[in-house]
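Note sheet for the following structure.
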Amino acid sequence: DPPIDPPRGVSLRRCFGPQPRIRRQPRPWRPIRRPIRRPLQVRSRAGLTRAQKQLPAIEPPEQAVYTGGDFRLERPNPLCHLMLGWEVEGGWNGTMLAAVTVLQMFLGGGGSFSTGGPGKGMHTRLYTAVLNRHHWVESCQASSVMYADSGLFTIYATLVPQYAGDFVGVIARIFKGLTQISPDELQRAKNALKSSIHMNLEMRAVMMEDIGRQLILSGKVGTTQEFGSMVDAVTVEDLLNVLRSCLKTEPTVVAFGAVEKVPVYEQIKKVMQQSCP
């Protein structure tokens with residue numbers, strides 16, 4: 001039932017009688033927590049504490065050793081995911097950093113359902129010679145990953161499984177055709193690379209990540225002007241020398257999905273070494 005309000009002018013004490021007093025329970029006693037004062041650390045002239053002096057010296061990490069290899073994981077999948085990779089000697093601190101990055105932008109790539117537009121890479125070599133000519137290639141992309149003492153240059157593609165062997169031959173022909181690079185194609189790749197660098201550095205998160213990566217890899221931070229000068233100095237011969245150096249190393253083959261039609265490792269290695277321009 002809804003509550004009944006007392007008539008106007010009548011107190012609650014008259015209606016319900018005297019109300020019992022509620023006694024509050026006393027709060028339990030708690031000790032006062034005082035901050036723990038740490039003992040004063042005595043620093044030596046070198047600026048290190050005695051405890052830090054007793055720590056063992058950290059040895060510099062060993063240089064990475066690239067080995068290449070073959071890894072295939074068969075899973076129920078309508079497509080074959082195939083990655084071919086080679087070592088970039090020296091990595092971030094090597095002499096091929098700018099050239100391999102320009103080579104990556106020159107090869108480019110993308111997906112077969114790209115809508116196009118500025119900056120989509122529609123004029124890159126992998127798009128015009130692979131995606132536009134072979135319907136069984138769903139996507140194809142060149143990329144590179146750099147570390148302090150080594151790096152990787154890779155070609156990653158998703159394709160119809162029964163054409164996996166043909167795809168290796170297509171990439172070999174692409175590499176052989178790098179001897180015919182027009183000045184417009186080279187300049188387009190340089191402009192795309194410099195534009196990508198400037199656009200990414202407009203975001204603070206990307207800029208801070210780039211600063212941290214440069215400090216870890218090389219111990220210094222380069223400016224966009226320095227990278228732009230390195231990119232502008234790259235020639236066609238530099239791209240060919242980078243590709244020749246990569247193809248001399250042992251290939252890395254990674255396949256996932258429907259991998260039964262992927263050629264054996266030795267066959268892939270032979271075909272790619274013969275494609276050296």
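By convention in this document, the chains of the structure tokens carry letters A, B, ... by their order, each chain's residues are numbered from 1, and ligands are numbered from 1 in the order they are shown.
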Might you pull out every residue within 9 Å of Gly94 in chain A, with only C-alpha atoms counted and same-chain residues fewer than 4 positions away left off, and present them as a list in words? Val88, Glu89, Gly90, Ala148, Asp149 and Ser150 of chain A
One residue among A:His198, A:Lys220, A:Arg173, A:Lys261 is nearest to Ala129 in chain A when using only C-alpha atoms, and that residue is A:Arg173
Write out as a count of residues only each polymer residue whose atoms come within 7 Å of Val221 in chain A, counting only C-alpha atoms; drop sequence neighbours fewer than 3 positions from it. 3
So, with only C-alpha atoms as the atoms that count, which of A:Lys270, A:Ser229, A:Val160, A:Gly177 lies closest to His81 in chain A?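 Under the stated criterion, the closest residue is A:Val160.
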Between A:Ser144, A:Thr101, A:Gln267, A:Cys80, which is the closest to Ala157 in chain A once you count only C-alpha atoms?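 Distance minimum relative to Ala157 in chain A lands on A:Cys80.
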So that I can check the surroundings of Gln180 in chain A, please list as JSON, numbers by chain every protein, DNA and RNA residue that reaches within 12 Å of it, counting only C-alpha atoms and ignoring chain neighbours fewer than 6 positions away. {"A": [125, 173, 174, 186, 236, 237, 239, 240, 277]}
Write the residues of the selection above to a file with C-alpha atoms, as a PDB file, in the first residue's frame.
```
ATOM      1  CA  ARG A 125      55.495  -2.844 -60.249  1.00  0.00           C
ATOM      2  CA  ARG A 173      60.379 -12.435 -63.661  1.00  0.00           C
ATOM      3  CA  ILE A 174      59.607  -9.248 -61.695  1.00  0.00           C
ATOM      4  CA  LEU A 186      62.237   5.768 -59.666  1.00  0.00           C
ATOM      5  CA  VAL A 236      68.843   2.478 -60.113  1.00  0.00           C
ATOM      6  CA  GLU A 237      72.184   0.739 -59.634  1.00  0.00           C
ATOM      7  CA  LEU A 239      68.376  -0.877 -56.165  1.00  0.00           C
ATOM      8  CA  LEU A 240      69.975  -3.609 -58.272  1.00  0.00           C
ATOM      9  CA  PRO A 277      69.373  -9.150 -62.354  1.00  0.00           C
TER      10      PRO A 277
END
```
Using the chain letters and numbers from this document, which residues of range 117-197 of chain A does DSSP assign to helix (DSSP H, G or I), as a VMD selection string? chain A and resid 125 to 131 161 to 179 183 to 197
Please report the interatomic distance between CA of Val254 in chain A and CA of Trp86 in chain A in Å with one decimal. 11.8 Å
Which of these, A:Gly222, A:Pro263, A:Gly228, A:Pro183, has the shortest distance to Phe106 in chain A once you count only C-alpha atoms? A:Pro183
Find the residues near range 189-196 of chain A: any atom within 7 Å, counting only C-alpha atoms, skip ones fewer than 4 places away on the same chain, and give them as a list in words. Val102, Met105, Phe106, Glu185, Asn200, Gly228, Val231 and Asp232 of chain A
Please compute the CA of Glu266 in chain A-CA of Pro251 in chain A distance, one decimal, in Å.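 Going from CA of Glu266 in chain A over to CA of Pro251 in chain A, I get 9.6 Å.
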